[in-house]
2 protein chains.
Amino acid sequence: MPSTLQTTIQAGAQLVTLINVFTVDPADQERLVALWQQATDDVMRHLPGFISANVHRSLDGTKVVNYAQWETQEAFQAMLGDPEAGPMLRELAEIGTPAPVLCEVVSVHHV
Amino acid sequence: MPSTLQTTIQAGAQLVTLINVFTVDPADQERLVALWQQATDDVMRHLPGFISANVHRSLDGTKVVNYAQWETQEAFQAMLGDPEAGPMLRELAEIGTPAPVLCEVVSVHHV
């Protein structure tokens with residue numbers, strides 16, 4: 001996984017952000033992370049409108065969070081109906097319980 | 001709010017990420033966003049170990065998500081006990097229901 005890549009969060013950017021918190025049995029956290037990485041590299045990132053996916057694991061073991069960016073809401077919706085991506089998401093949802101939230105960035109605050 | 005600021009997500013960065021999804025009555029979403037911005041600018045960003053806060057609102061009106069970065073888990077925990085920040089978080093929790101997840105970034109994927 002290329003660790004030199006970085007993602008930028010900026011208010012007013014022309015994109016939609018999908019924040020998806022999966023609740024998972026801690027015994028399955030590592031497997032869910034690996035499957036999500038594979039799904040992203042094999043399928044998601046090749047779809048029209050994909051910008052980035054950023055996979056997080058909770059320190060307590062009970063969650064996996066994907067912070068993803070798509071160019072438009074339409075591109076995100078089209079992904080859900082994609083013949084490869086759709087089944088892949090359903091496979092992920094068998095390991096953990098997803099709670100997707102489609103967002104826009106309102107503001108960014110630094111020190 | 002300075003819209004030229006930007007936040008970077010990178011795997012292996014020396015920080016902890018707090019992803020906090022607030023569920024809110026759509027009538028209160030705008031108020032919760034404003035209060036969160038104020039709490040961040042007035043208090044949070046002046047605390048030791050604060051790196052960034054990134055406020056998102058869901059397109060369906062039912063969520064507000066804060067994607068925040070702290071230098072260490074200890075700095076984040078210290079914030080919870082801060083005499084100004086603690087009561088502020090409790091005020092936010094009266095408007096919406098928080099679901100905080102403390103994370104590390106596992107991987108970043110681009111096109």
# chains A, B, ... in the order shown; residues from 1 in each chain; ligands from 1

$ calpha_fit_and_write --fixed "chain A" --moving "chain B" --output "compact mmCIF listing (two decimals) with N, CA and C atoms, in the first residue's frame"
# COMPACT_ATOMS: atom_id res chain seq x y z
N MET B 1 0.77 -1.18 0.12
CA MET B 1 -0.07 0.01 0.09
C MET B 1 0.84 1.23 0.10
N PRO B 2 0.68 2.14 -0.85
CA PRO B 2 1.62 3.27 -0.96
C PRO B 2 1.42 4.27 0.17
N SER B 3 2.35 4.30 1.12
CA SER B 3 2.18 5.12 2.30
C SER B 3 2.60 6.57 2.06
N THR B 4 3.17 6.85 0.90
CA THR B 4 3.56 8.23 0.61
C THR B 4 2.39 9.06 0.10
N LEU B 5 1.32 8.40 -0.28
CA LEU B 5 0.14 9.13 -0.74
C LEU B 5 -0.46 9.93 0.40
N GLN B 6 -1.04 11.05 0.05
CA GLN B 6 -1.79 11.77 1.06
C GLN B 6 -3.06 12.38 0.48
N THR B 7 -4.03 12.53 1.36
CA THR B 7 -5.34 13.05 1.00
C THR B 7 -5.50 14.43 1.64
N THR B 8 -6.18 15.31 0.94
CA THR B 8 -6.39 16.67 1.43
C THR B 8 -7.86 16.90 1.76
N ILE B 9 -8.11 17.46 2.93
CA ILE B 9 -9.46 17.92 3.30
C ILE B 9 -9.47 19.44 3.24
N GLN B 10 -10.42 19.99 2.51
CA GLN B 10 -10.47 21.44 2.35
C GLN B 10 -11.94 21.87 2.26
N ALA B 11 -12.29 22.94 2.95
CA ALA B 11 -13.67 23.44 2.86
C ALA B 11 -13.93 23.99 1.47
N GLY B 12 -15.11 23.72 0.96
CA GLY B 12 -15.51 24.26 -0.33
C GLY B 12 -14.97 23.49 -1.52
N ALA B 13 -14.29 22.36 -1.27
CA ALA B 13 -13.79 21.55 -2.38
C ALA B 13 -14.96 20.97 -3.17
N GLN B 14 -14.75 20.79 -4.46
CA GLN B 14 -15.81 20.27 -5.32
C GLN B 14 -15.82 18.75 -5.27
N LEU B 15 -16.37 18.21 -4.19
CA LEU B 15 -16.43 16.76 -4.03
C LEU B 15 -17.45 16.43 -2.95
N VAL B 16 -17.81 15.15 -2.87
CA VAL B 16 -18.61 14.69 -1.74
C VAL B 16 -17.76 13.72 -0.93
N THR B 17 -18.00 13.70 0.36
CA THR B 17 -17.24 12.85 1.27
C THR B 17 -18.16 11.79 1.84
N LEU B 18 -17.75 10.53 1.75
CA LEU B 18 -18.51 9.45 2.37
C LEU B 18 -17.74 8.98 3.59
N ILE B 19 -18.34 9.16 4.76
CA ILE B 19 -17.73 8.68 6.00
C ILE B 19 -18.53 7.45 6.42
N ASN B 20 -17.89 6.29 6.36
CA ASN B 20 -18.59 5.03 6.61
C ASN B 20 -17.96 4.32 7.80
N VAL B 21 -18.69 4.30 8.91
CA VAL B 21 -18.21 3.66 10.14
C VAL B 21 -18.78 2.24 10.21
N PHE B 22 -17.92 1.26 10.08
CA PHE B 22 -18.33 -0.14 10.21
C PHE B 22 -18.12 -0.59 11.66
N THR B 23 -19.14 -1.16 12.25
CA THR B 23 -18.99 -1.81 13.56
C THR B 23 -18.68 -3.27 13.33
N VAL B 24 -17.67 -3.78 14.05
CA VAL B 24 -17.15 -5.10 13.73
C VAL B 24 -16.75 -5.83 15.02
N ASP B 25 -16.86 -7.12 15.00
CA ASP B 25 -16.27 -7.92 16.08
C ASP B 25 -14.75 -7.73 16.03
N PRO B 26 -14.11 -7.40 17.18
CA PRO B 26 -12.66 -7.16 17.15
C PRO B 26 -11.88 -8.30 16.50
N ALA B 27 -12.38 -9.50 16.56
CA ALA B 27 -11.70 -10.63 15.93
C ALA B 27 -11.69 -10.50 14.41
N ASP B 28 -12.61 -9.71 13.87
CA ASP B 28 -12.73 -9.56 12.41
C ASP B 28 -12.16 -8.23 11.90
N GLN B 29 -11.66 -7.37 12.78
CA GLN B 29 -11.24 -6.03 12.35
C GLN B 29 -10.15 -6.11 11.28
N GLU B 30 -9.16 -6.93 11.53
CA GLU B 30 -8.03 -7.00 10.60
C GLU B 30 -8.49 -7.53 9.23
N ARG B 31 -9.37 -8.50 9.24
CA ARG B 31 -9.88 -9.08 8.00
C ARG B 31 -10.70 -8.03 7.22
N LEU B 32 -11.50 -7.24 7.95
CA LEU B 32 -12.31 -6.22 7.29
C LEU B 32 -11.42 -5.14 6.68
N VAL B 33 -10.38 -4.74 7.40
CA VAL B 33 -9.43 -3.76 6.86
C VAL B 33 -8.81 -4.29 5.57
N ALA B 34 -8.36 -5.52 5.60
CA ALA B 34 -7.68 -6.11 4.43
C ALA B 34 -8.62 -6.21 3.23
N LEU B 35 -9.86 -6.61 3.50
CA LEU B 35 -10.83 -6.76 2.41
C LEU B 35 -11.19 -5.39 1.81
N TRP B 36 -11.25 -4.39 2.69
CA TRP B 36 -11.57 -3.05 2.22
C TRP B 36 -10.45 -2.50 1.35
N GLN B 37 -9.22 -2.73 1.78
CA GLN B 37 -8.07 -2.29 1.00
C GLN B 37 -8.07 -2.97 -0.38
N GLN B 38 -8.36 -4.25 -0.38
CA GLN B 38 -8.36 -4.99 -1.64
C GLN B 38 -9.49 -4.51 -2.57
N ALA B 39 -10.68 -4.31 -1.99
CA ALA B 39 -11.82 -3.83 -2.79
C ALA B 39 -11.50 -2.46 -3.39
N THR B 40 -10.83 -1.62 -2.62
CA THR B 40 -10.50 -0.28 -3.10
C THR B 40 -9.49 -0.35 -4.24
N ASP B 41 -8.44 -1.12 -4.03
CA ASP B 41 -7.38 -1.19 -5.04
C ASP B 41 -7.83 -1.91 -6.30
N ASP B 42 -8.62 -2.98 -6.14
CA ASP B 42 -9.02 -3.78 -7.29
C ASP B 42 -10.15 -3.14 -8.09
N VAL B 43 -11.09 -2.50 -7.39
CA VAL B 43 -12.33 -2.06 -8.06
C VAL B 43 -12.59 -0.55 -7.91
N MET B 44 -12.75 -0.10 -6.65
CA MET B 44 -13.27 1.25 -6.40
C MET B 44 -12.45 2.34 -7.10
N ARG B 45 -11.14 2.25 -6.97
CA ARG B 45 -10.33 3.38 -7.43
C ARG B 45 -10.27 3.48 -8.96
N HIS B 46 -10.81 2.45 -9.63
CA HIS B 46 -10.86 2.50 -11.09
C HIS B 46 -12.20 3.03 -11.61
N LEU B 47 -13.12 3.31 -10.71
CA LEU B 47 -14.45 3.76 -11.14
C LEU B 47 -14.45 5.27 -11.40
N PRO B 48 -15.33 5.72 -12.31
CA PRO B 48 -15.39 7.16 -12.62
C PRO B 48 -15.75 7.98 -11.39
N GLY B 49 -15.02 9.06 -11.17
CA GLY B 49 -15.35 9.98 -10.09
C GLY B 49 -14.70 9.66 -8.76
N PHE B 50 -13.99 8.54 -8.67
CA PHE B 50 -13.28 8.22 -7.43
C PHE B 50 -12.13 9.20 -7.23
N ILE B 51 -12.00 9.73 -6.02
CA ILE B 51 -10.85 10.58 -5.69
C ILE B 51 -9.93 9.88 -4.69
N SER B 52 -10.46 9.48 -3.56
CA SER B 52 -9.62 8.81 -2.56
C SER B 52 -10.43 7.95 -1.62
N ALA B 53 -9.76 6.98 -1.01
CA ALA B 53 -10.30 6.24 0.13
C ALA B 53 -9.22 6.24 1.20
N ASN B 54 -9.64 6.37 2.44
CA ASN B 54 -8.71 6.46 3.56
C ASN B 54 -9.23 5.55 4.66
N VAL B 55 -8.53 4.43 4.84
CA VAL B 55 -9.02 3.40 5.74
C VAL B 55 -8.43 3.61 7.14
N HIS B 56 -9.31 3.62 8.14
CA HIS B 56 -8.91 3.80 9.54
C HIS B 56 -9.36 2.59 10.35
N ARG B 57 -8.57 2.25 11.38
CA ARG B 57 -9.08 1.26 12.34
C ARG B 57 -9.13 1.89 13.71
N SER B 58 -10.18 1.55 14.46
CA SER B 58 -10.31 2.13 15.80
C SER B 58 -9.32 1.45 16.73
N LEU B 59 -8.81 2.23 17.69
CA LEU B 59 -7.83 1.71 18.63
C LEU B 59 -8.42 0.64 19.54
N ASP B 60 -9.75 0.66 19.74
CA ASP B 60 -10.39 -0.33 20.60
C ASP B 60 -10.80 -1.60 19.85
N GLY B 61 -10.53 -1.64 18.54
CA GLY B 61 -10.78 -2.86 17.76
C GLY B 61 -12.19 -3.05 17.23
N THR B 62 -13.14 -2.18 17.64
CA THR B 62 -14.55 -2.45 17.32
C THR B 62 -15.07 -1.74 16.07
N LYS B 63 -14.23 -0.93 15.43
CA LYS B 63 -14.70 -0.18 14.26
C LYS B 63 -13.65 -0.16 13.15
N VAL B 64 -14.13 -0.05 11.92
CA VAL B 64 -13.28 0.28 10.78
C VAL B 64 -13.98 1.45 10.09
N VAL B 65 -13.24 2.51 9.79
CA VAL B 65 -13.85 3.70 9.20
C VAL B 65 -13.20 3.99 7.85
N ASN B 66 -14.04 4.14 6.84
CA ASN B 66 -13.54 4.60 5.55
C ASN B 66 -13.94 6.05 5.33
N TYR B 67 -12.95 6.89 5.11
CA TYR B 67 -13.20 8.30 4.77
C TYR B 67 -12.90 8.41 3.27
N ALA B 68 -13.94 8.47 2.45
CA ALA B 68 -13.76 8.42 1.00
C ALA B 68 -14.24 9.69 0.33
N GLN B 69 -13.59 10.04 -0.76
CA GLN B 69 -13.96 11.25 -1.52
C GLN B 69 -14.33 10.87 -2.95
N TRP B 70 -15.47 11.39 -3.40
CA TRP B 70 -15.94 11.18 -4.77
C TRP B 70 -16.20 12.55 -5.41
N GLU B 71 -16.04 12.61 -6.72
CA GLU B 71 -16.19 13.91 -7.40
C GLU B 71 -17.61 14.48 -7.27
N THR B 72 -18.60 13.60 -7.37
CA THR B 72 -19.99 14.04 -7.29
C THR B 72 -20.83 12.97 -6.58
N GLN B 73 -21.99 13.38 -6.12
CA GLN B 73 -22.93 12.43 -5.52
C GLN B 73 -23.37 11.40 -6.56
N GLU B 74 -23.49 11.82 -7.81
CA GLU B 74 -23.91 10.90 -8.88
C GLU B 74 -22.87 9.80 -9.08
N ALA B 75 -21.60 10.16 -9.03
CA ALA B 75 -20.54 9.15 -9.19
C ALA B 75 -20.59 8.14 -8.05
N PHE B 76 -20.84 8.64 -6.85
CA PHE B 76 -20.96 7.74 -5.70
C PHE B 76 -22.15 6.80 -5.87
N GLN B 77 -23.30 7.36 -6.28
CA GLN B 77 -24.50 6.52 -6.47
C GLN B 77 -24.27 5.49 -7.56
N ALA B 78 -23.58 5.89 -8.64
CA ALA B 78 -23.30 4.97 -9.74
C ALA B 78 -22.45 3.80 -9.25
N MET B 79 -21.50 4.09 -8.35
CA MET B 79 -20.65 3.03 -7.78
C MET B 79 -21.49 1.97 -7.09
N LEU B 80 -22.53 2.42 -6.36
CA LEU B 80 -23.36 1.47 -5.62
C LEU B 80 -24.02 0.45 -6.55
N GLY B 81 -24.29 0.89 -7.79
CA GLY B 81 -24.93 0.00 -8.74
C GLY B 81 -23.96 -0.70 -9.68
N ASP B 82 -22.68 -0.48 -9.48
CA ASP B 82 -21.68 -1.11 -10.35
C ASP B 82 -21.68 -2.63 -10.14
N PRO B 83 -21.58 -3.40 -11.23
CA PRO B 83 -21.68 -4.86 -11.11
C PRO B 83 -20.55 -5.50 -10.29
N GLU B 84 -19.40 -4.83 -10.19
CA GLU B 84 -18.34 -5.36 -9.34
C GLU B 84 -18.38 -4.77 -7.93
N ALA B 85 -18.58 -3.46 -7.85
CA ALA B 85 -18.50 -2.78 -6.55
C ALA B 85 -19.68 -3.15 -5.65
N GLY B 86 -20.86 -3.23 -6.22
CA GLY B 86 -22.06 -3.53 -5.43
C GLY B 86 -21.92 -4.82 -4.62
N PRO B 87 -21.62 -5.95 -5.29
CA PRO B 87 -21.45 -7.20 -4.54
C PRO B 87 -20.31 -7.14 -3.52
N MET B 88 -19.26 -6.38 -3.84
CA MET B 88 -18.13 -6.24 -2.94
C MET B 88 -18.56 -5.55 -1.64
N LEU B 89 -19.39 -4.49 -1.78
CA LEU B 89 -19.89 -3.79 -0.60
C LEU B 89 -20.76 -4.71 0.24
N ARG B 90 -21.54 -5.57 -0.45
CA ARG B 90 -22.40 -6.49 0.31
C ARG B 90 -21.56 -7.52 1.06
N GLU B 91 -20.42 -7.91 0.46
CA GLU B 91 -19.51 -8.83 1.15
C GLU B 91 -18.92 -8.17 2.40
N LEU B 92 -18.52 -6.91 2.27
CA LEU B 92 -18.00 -6.16 3.42
C LEU B 92 -19.06 -6.07 4.52
N ALA B 93 -20.31 -5.88 4.12
CA ALA B 93 -21.39 -5.71 5.09
C ALA B 93 -21.74 -7.02 5.79
N GLU B 94 -21.19 -8.13 5.30
CA GLU B 94 -21.40 -9.40 6.01
C GLU B 94 -20.39 -9.55 7.16
N ILE B 95 -19.30 -8.81 7.09
CA ILE B 95 -18.28 -8.89 8.16
C ILE B 95 -18.56 -7.85 9.24
N GLY B 96 -19.02 -6.67 8.82
CA GLY B 96 -19.32 -5.62 9.79
C GLY B 96 -20.61 -4.90 9.40
N THR B 97 -21.11 -4.07 10.32
CA THR B 97 -22.35 -3.33 10.07
C THR B 97 -22.01 -1.90 9.65
N PRO B 98 -22.31 -1.54 8.40
CA PRO B 98 -21.93 -0.21 7.91
C PRO B 98 -22.91 0.88 8.37
N ALA B 99 -22.39 2.09 8.49
CA ALA B 99 -23.23 3.27 8.78
C ALA B 99 -22.70 4.41 7.92
N PRO B 100 -23.05 4.42 6.63
CA PRO B 100 -22.51 5.42 5.71
C PRO B 100 -23.18 6.79 5.86
N VAL B 101 -22.38 7.84 5.83
CA VAL B 101 -22.89 9.21 5.89
C VAL B 101 -22.27 10.01 4.74
N LEU B 102 -23.11 10.53 3.87
CA LEU B 102 -22.64 11.33 2.73
C LEU B 102 -22.62 12.80 3.15
N CYS B 103 -21.45 13.42 3.02
CA CYS B 103 -21.21 14.74 3.64
C CYS B 103 -20.61 15.75 2.68
N GLU B 104 -20.65 17.01 3.12
CA GLU B 104 -19.77 18.02 2.55
C GLU B 104 -18.95 18.62 3.69
N VAL B 105 -17.73 19.07 3.34
CA VAL B 105 -16.86 19.70 4.33
C VAL B 105 -17.35 21.12 4.56
N VAL B 106 -17.59 21.48 5.80
CA VAL B 106 -18.06 22.82 6.13
C VAL B 106 -16.88 23.74 6.47
N SER B 107 -16.00 23.26 7.32
CA SER B 107 -14.87 24.11 7.72
C SER B 107 -13.71 23.27 8.24
N VAL B 108 -12.53 23.86 8.11
CA VAL B 108 -11.27 23.23 8.51
C VAL B 108 -10.59 24.17 9.50
N HIS B 109 -10.18 23.64 10.63
CA HIS B 109 -9.60 24.46 11.70
C HIS B 109 -8.23 23.92 12.09
N HIS B 110 -7.27 24.81 12.18
CA HIS B 110 -5.95 24.40 12.64
C HIS B 110 -5.54 25.25 13.85
N VAL B 111 -4.36 24.96 14.37
CA VAL B 111 -3.86 25.71 15.54
C VAL B 111 -3.77 27.19 15.22

$ select_by_dssp --residues "range 1-56 of chain A" --states "strand (DSSP E or B)" --output "ChimeraX atom specification"
/A:6-10,16-24,50-56

$ select_by_dssp --residues "range 11-74 of chain B" --states "helix (DSSP H, G or I)" --output "PyMOL selection string"
chain B and resi 26-42+44-46+73-74

$ decode --residues "range 36-60 of chain A" --atoms "C-alpha atoms" --output "PDB file, in the first residue's frame"
ATOM      1  CA  TRP A  36     -11.571  -3.048   2.224  1.00  0.00           C
ATOM      2  CA  GLN A  37      -8.072  -2.301   0.997  1.00  0.00           C
ATOM      3  CA  GLN A  38      -8.363  -5.000  -1.638  1.00  0.00           C
ATOM      4  CA  ALA A  39     -11.814  -3.837  -2.786  1.00  0.00           C
ATOM      5  CA  THR A  40     -10.499  -0.280  -3.087  1.00  0.00           C
ATOM      6  CA  ASP A  41      -7.379  -1.197  -5.029  1.00  0.00           C
ATOM      7  CA  ASP A  42      -9.013  -3.779  -7.284  1.00  0.00           C
ATOM      8  CA  VAL A  43     -12.317  -2.052  -8.054  1.00  0.00           C
ATOM      9  CA  MET A  44     -13.270   1.252  -6.389  1.00  0.00           C
ATOM     10  CA  ARG A  45     -10.325   3.376  -7.426  1.00  0.00           C
ATOM     11  CA  HIS A  46     -10.844   2.493 -11.089  1.00  0.00           C
ATOM     12  CA  LEU A  47     -14.445   3.765 -11.138  1.00  0.00           C
ATOM     13  CA  PRO A  48     -15.380   7.160 -12.631  1.00  0.00           C
ATOM     14  CA  GLY A  49     -15.358   9.978 -10.088  1.00  0.00           C
ATOM     15  CA  PHE A  50     -13.283   8.217  -7.422  1.00  0.00           C
ATOM     16  CA  ILE A  51     -10.853  10.580  -5.683  1.00  0.00           C
ATOM     17  CA  SER A  52      -9.612   8.815  -2.557  1.00  0.00           C
ATOM     18  CA  ALA A  53     -10.306   6.244   0.141  1.00  0.00           C
ATOM     19  CA  ASN A  54      -8.711   6.471   3.570  1.00  0.00           C
ATOM     20  CA  VAL A  55      -9.024   3.409   5.757  1.00  0.00           C
ATOM     21  CA  HIS A  56      -8.906   3.807   9.541  1.00  0.00           C
ATOM     22  CA  ARG A  57      -9.076   1.261  12.340  1.00  0.00           C
ATOM     23  CA  SER A  58     -10.307   2.134  15.800  1.00  0.00           C
ATOM     24  CA  LEU A  59      -7.835   1.708  18.632  1.00  0.00           C
ATOM     25  CA  ASP A  60     -10.402  -0.332  20.604  1.00  0.00           C
TER      26      ASP A  60
END
